[in-house]
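Enquirer: Pasting a structure here, questions to come.
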Amino acid sequence: KNGINNIKKILYVGGIKETKGVLDLLNACAILKSRNIQFNLNLIGQFDSVIFKEKVLEFIKQHALEERVFLLGIKIGKDKWDEYAQANIFCFPSYYECETFGNVLVEAMQFKLPVVSTIWRGIPDIVKNDESGFLVEINSPISIANKLEELIENEALRIRFGNNGRRLFKEKFTEQTYFSNFEDEVYSVCV
């Protein structure tokens, strides 16, 4: 179980703000650490405020997560795709007010990543619970930790969810299928 090659990489991509569930994810990481689960978390994105950045850095320090949680800032193009390619699990515990269509979830599925996300807005239309990932209630770090642990410990499950996610991506979310279905979809706009 120990050893650098066995450390599973969890990836988060998106705005780094409270309502994207970042603190829930960090709390889940603290729980995993307390259970002696081996993992790294890479957070990609821009902080929405200096105050929230300080809060995140303080949380990481308080829970001694400096060697497990990495703030990678903004990554685009090949740099971002490389992070997806190197990850084992994608986690997106959002309850963001304006969440409609989580593009990052589709990107994760494209890379065969099993997903842990939330039952929130349009997310269940993308991630199929117990098929391409796990969906949990919002604001539930323990549930996030439990599902992440399950995926970290169960390679066969990671592979099955990842393959199912890739299949769903090809069936529903390639540019061609997406635009042919686009006119049938109704999108809400956050004001």
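The chains in the structure tokens are called A, B, ... from first to last as shown; in each chain the residues are counted from 1, and the ligands are counted from 1 in the order shown.
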So which residues touch A:Val116 within 8 Å, counting only C-alpha atoms, skipping near sequence neighbours fewer than 3 positions away, as a count of residues only?
Expert: 12
Enquirer: Would you kindly return, as an MDAnalysis selection string, each protein, DNA or RNA residue with an atom no farther than 9 Å from any atom of stretch 46-54 of chain A, considering only C-alpha atoms and excluding same-chain residues fewer than 6 positions away?
Expert: chainID A and resid 14:18 73:74
Enquirer: Figure out the distance between atom CA of A:Asn103 and atom CA of A:Asp130, please, to one decimal in Å.
Expert: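 Rounded to one decimal, the two atoms are 19.9 Å apart.
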Enquirer: Between A:Cys29, A:Ile44, A:Ile7, A:Leu23, which is the closest to A:Ile76 once you count only C-alpha atoms?
Expert: A:Ile44
Enquirer: Between atom CA of A:Asn42 and atom CA of A:Thr174, what is the distance in Å, rounded to a tenth?
Expert: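 Separation between atom CA of A:Asn42 and atom CA of A:Thr174: 25.8 Å.
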Enquirer: Per DSSP on the backbone, what are the helix (DSSP H, G or I) residues of stretch 16-62 of chain A, as number ranges by chain?
Expert: A: 18-20, 22-34, 50-62
Enquirer: For A:Asn129, which residue among A:Asn154, A:Asn164, A:Asn27, A:Thr19 is the nearest when counting only C-alpha atoms?
Expert: A:Asn164
Enquirer: State, in Å with one decimal place, the distance from atom CA of A:Arg35 to atom CA of A:Gln86.
Expert: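 If I compute the distance from atom CA of A:Arg35 to atom CA of A:Gln86, I get 23.9 Å.
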Enquirer: With stretch 104-114 of chain A as the partner and 8 Å as the cut-off, tabulate the residues of stretch 120-154 of chain A that qualify, each row holding the nearest pair of atoms and their distance in Å to one decimal, using only C-alpha atoms, sorted by chain and rising number, as a tab-separated table.
Expert:
```
residue	atom	partner	partner_atom	distance
A:Ile126	CA	A:Val106	CA	7.2
A:Val127	CA	A:Leu105	CA	7.4
A:Ser132	CA	A:Pro114	CA	5.9
A:Gly133	CA	A:Pro114	CA	5.1
A:Leu151	CA	A:Pro114	CA	7.9
```
Enquirer: Go ahead and dump the residues you just picked, all heavy atoms, as a PDB file, in the first residue's frame.
Expert:
```
ATOM      1  N   ILE A 126     -24.929  14.576 -15.944  1.00  0.00           N
ATOM      2  CA  ILE A 126     -23.632  14.257 -16.539  1.00  0.00           C
ATOM      3  C   ILE A 126     -23.048  12.993 -15.920  1.00  0.00           C
ATOM      4  O   ILE A 126     -22.676  12.064 -16.617  1.00  0.00           O
ATOM      5  CB  ILE A 126     -22.656  15.452 -16.363  1.00  0.00           C
ATOM      6  CG1 ILE A 126     -23.238  16.715 -16.999  1.00  0.00           C
ATOM      7  CG2 ILE A 126     -21.288  15.120 -16.954  1.00  0.00           C
ATOM      8  CD1 ILE A 126     -22.505  17.978 -16.638  1.00  0.00           C
ATOM      9  N   VAL A 127     -22.984  12.983 -14.588  1.00  0.00           N
ATOM     10  CA  VAL A 127     -22.404  11.846 -13.863  1.00  0.00           C
ATOM     11  C   VAL A 127     -23.525  10.914 -13.432  1.00  0.00           C
ATOM     12  O   VAL A 127     -24.466  11.338 -12.757  1.00  0.00           O
ATOM     13  CB  VAL A 127     -21.627  12.338 -12.617  1.00  0.00           C
ATOM     14  CG1 VAL A 127     -21.047  11.150 -11.841  1.00  0.00           C
ATOM     15  CG2 VAL A 127     -20.523  13.303 -13.021  1.00  0.00           C
ATOM     16  N   SER A 132     -20.728   5.901 -13.532  1.00  0.00           N
ATOM     17  CA  SER A 132     -19.494   6.579 -13.925  1.00  0.00           C
ATOM     18  C   SER A 132     -18.841   7.295 -12.743  1.00  0.00           C
ATOM     19  O   SER A 132     -17.796   7.922 -12.894  1.00  0.00           O
ATOM     20  CB  SER A 132     -19.760   7.566 -15.064  1.00  0.00           C
ATOM     21  OG  SER A 132     -20.684   8.550 -14.662  1.00  0.00           O
ATOM     22  N   GLY A 133     -19.480   7.194 -11.598  1.00  0.00           N
ATOM     23  CA  GLY A 133     -18.940   7.838 -10.412  1.00  0.00           C
ATOM     24  C   GLY A 133     -19.904   7.742  -9.260  1.00  0.00           C
ATOM     25  O   GLY A 133     -20.873   6.971  -9.297  1.00  0.00           O
ATOM     26  N   LEU A 151     -12.876   4.439  -3.962  1.00  0.00           N
ATOM     27  CA  LEU A 151     -12.229   4.458  -5.275  1.00  0.00           C
ATOM     28  C   LEU A 151     -10.709   4.292  -5.171  1.00  0.00           C
ATOM     29  O   LEU A 151     -10.094   3.630  -6.001  1.00  0.00           O
ATOM     30  CB  LEU A 151     -12.579   5.743  -6.021  1.00  0.00           C
ATOM     31  CG  LEU A 151     -14.009   5.809  -6.558  1.00  0.00           C
ATOM     32  CD1 LEU A 151     -14.359   7.227  -6.993  1.00  0.00           C
ATOM     33  CD2 LEU A 151     -14.213   4.827  -7.708  1.00  0.00           C
TER      34      LEU A 151
END
```
Enquirer: What lies within 7 Å of A:Pro141 using only C-alpha atoms, ignoring chain neighbours under 2 positions off, as a list of chain:residue names?
Expert: A:Asp24, A:Leu25, A:Asn27, A:Ala28, A:Asn139, A:Ser143, A:Ile144, A:Ala145
Enquirer: Please save N, CA, C and O atoms of the selected residues as a PDB file, in the first residue's frame.
Expert:
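Printed below is again-v4.pdb as written:
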```pdb
ATOM      1  N   ASP A  24     -15.151  21.433   1.592  1.00  0.00           N
ATOM      2  CA  ASP A  24     -15.666  20.077   1.806  1.00  0.00           C
ATOM      3  C   ASP A  24     -14.635  19.047   1.343  1.00  0.00           C
ATOM      4  O   ASP A  24     -14.394  18.039   2.018  1.00  0.00           O
ATOM      5  N   LEU A  25     -14.018  19.312   0.195  1.00  0.00           N
ATOM      6  CA  LEU A  25     -13.003  18.411  -0.337  1.00  0.00           C
ATOM      7  C   LEU A  25     -11.784  18.380   0.582  1.00  0.00           C
ATOM      8  O   LEU A  25     -11.233  17.310   0.866  1.00  0.00           O
ATOM      9  N   ASN A  27     -11.771  19.025   3.802  1.00  0.00           N
ATOM     10  CA  ASN A  27     -12.189  18.281   4.999  1.00  0.00           C
ATOM     11  C   ASN A  27     -12.154  16.785   4.736  1.00  0.00           C
ATOM     12  O   ASN A  27     -11.737  15.997   5.587  1.00  0.00           O
ATOM     13  N   ALA A  28     -12.599  16.375   3.549  1.00  0.00           N
ATOM     14  CA  ALA A  28     -12.548  14.960   3.164  1.00  0.00           C
ATOM     15  C   ALA A  28     -11.100  14.474   3.154  1.00  0.00           C
ATOM     16  O   ALA A  28     -10.807  13.351   3.609  1.00  0.00           O
ATOM     17  N   ASN A 139     -22.280  19.547   0.842  1.00  0.00           N
ATOM     18  CA  ASN A 139     -21.779  19.815   2.203  1.00  0.00           C
ATOM     19  C   ASN A 139     -21.620  18.551   3.031  1.00  0.00           C
ATOM     20  O   ASN A 139     -21.985  18.531   4.208  1.00  0.00           O
ATOM     21  N   SER A 143     -19.123  11.860   3.455  1.00  0.00           N
ATOM     22  CA  SER A 143     -19.549  11.088   2.277  1.00  0.00           C
ATOM     23  C   SER A 143     -18.504  11.180   1.168  1.00  0.00           C
ATOM     24  O   SER A 143     -18.207  10.182   0.505  1.00  0.00           O
ATOM     25  N   ILE A 144     -17.955  12.370   0.969  1.00  0.00           N
ATOM     26  CA  ILE A 144     -16.908  12.542  -0.048  1.00  0.00           C
ATOM     27  C   ILE A 144     -15.716  11.661   0.303  1.00  0.00           C
ATOM     28  O   ILE A 144     -15.200  10.928  -0.541  1.00  0.00           O
ATOM     29  N   ALA A 145     -15.285  11.715   1.559  1.00  0.00           N
ATOM     30  CA  ALA A 145     -14.144  10.909   2.003  1.00  0.00           C
ATOM     31  C   ALA A 145     -14.421   9.422   1.807  1.00  0.00           C
ATOM     32  O   ALA A 145     -13.553   8.678   1.315  1.00  0.00           O
TER      33      ALA A 145
END
```
Enquirer: Among stretch 12-175 of chain A, which residues does DSSP mark as strand (DSSP E) when it is run on the backbone? Keep the chain and numbering as in the structure and answer as a PyMOL selection string.
Expert: chain A and resi 12-13+39-44+69-73+89-92+115-118+133-136
Enquirer: Tell me, as a compact mmCIF listing (two decimals) with all heavy atoms, in the first residue's frame, which residues lie within 10 Å of A:Ala64, counting only C-alpha atoms; anything in the same chain fewer than 6 positions away does not count.
Expert:
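Now in around.txt:
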```
# COMPACT_ATOMS: atom_id res chain seq x y z
N ALA A 30 -8.65 15.65 4.99
CA ALA A 30 -8.23 15.50 6.39
C ALA A 30 -8.74 14.18 6.97
O ALA A 30 -8.03 13.51 7.72
CB ALA A 30 -8.72 16.70 7.21
N LYS A 33 -6.64 11.37 5.52
CA LYS A 33 -5.33 11.35 6.18
C LYS A 33 -5.44 10.68 7.54
O LYS A 33 -4.59 9.87 7.92
CB LYS A 33 -4.79 12.77 6.32
CG LYS A 33 -3.42 12.81 6.96
CD LYS A 33 -2.91 14.23 7.11
CE LYS A 33 -1.55 14.18 7.80
NZ LYS A 33 -1.48 15.04 8.96
N GLU A 58 -4.64 28.17 5.41
CA GLU A 58 -4.68 27.94 6.86
C GLU A 58 -5.22 26.54 7.17
O GLU A 58 -4.69 25.85 8.04
CB GLU A 58 -5.55 29.01 7.54
CG GLU A 58 -5.63 28.89 9.05
CD GLU A 58 -4.27 28.97 9.76
OE1 GLU A 58 -3.36 29.64 9.24
OE2 GLU A 58 -4.14 28.33 10.82
```
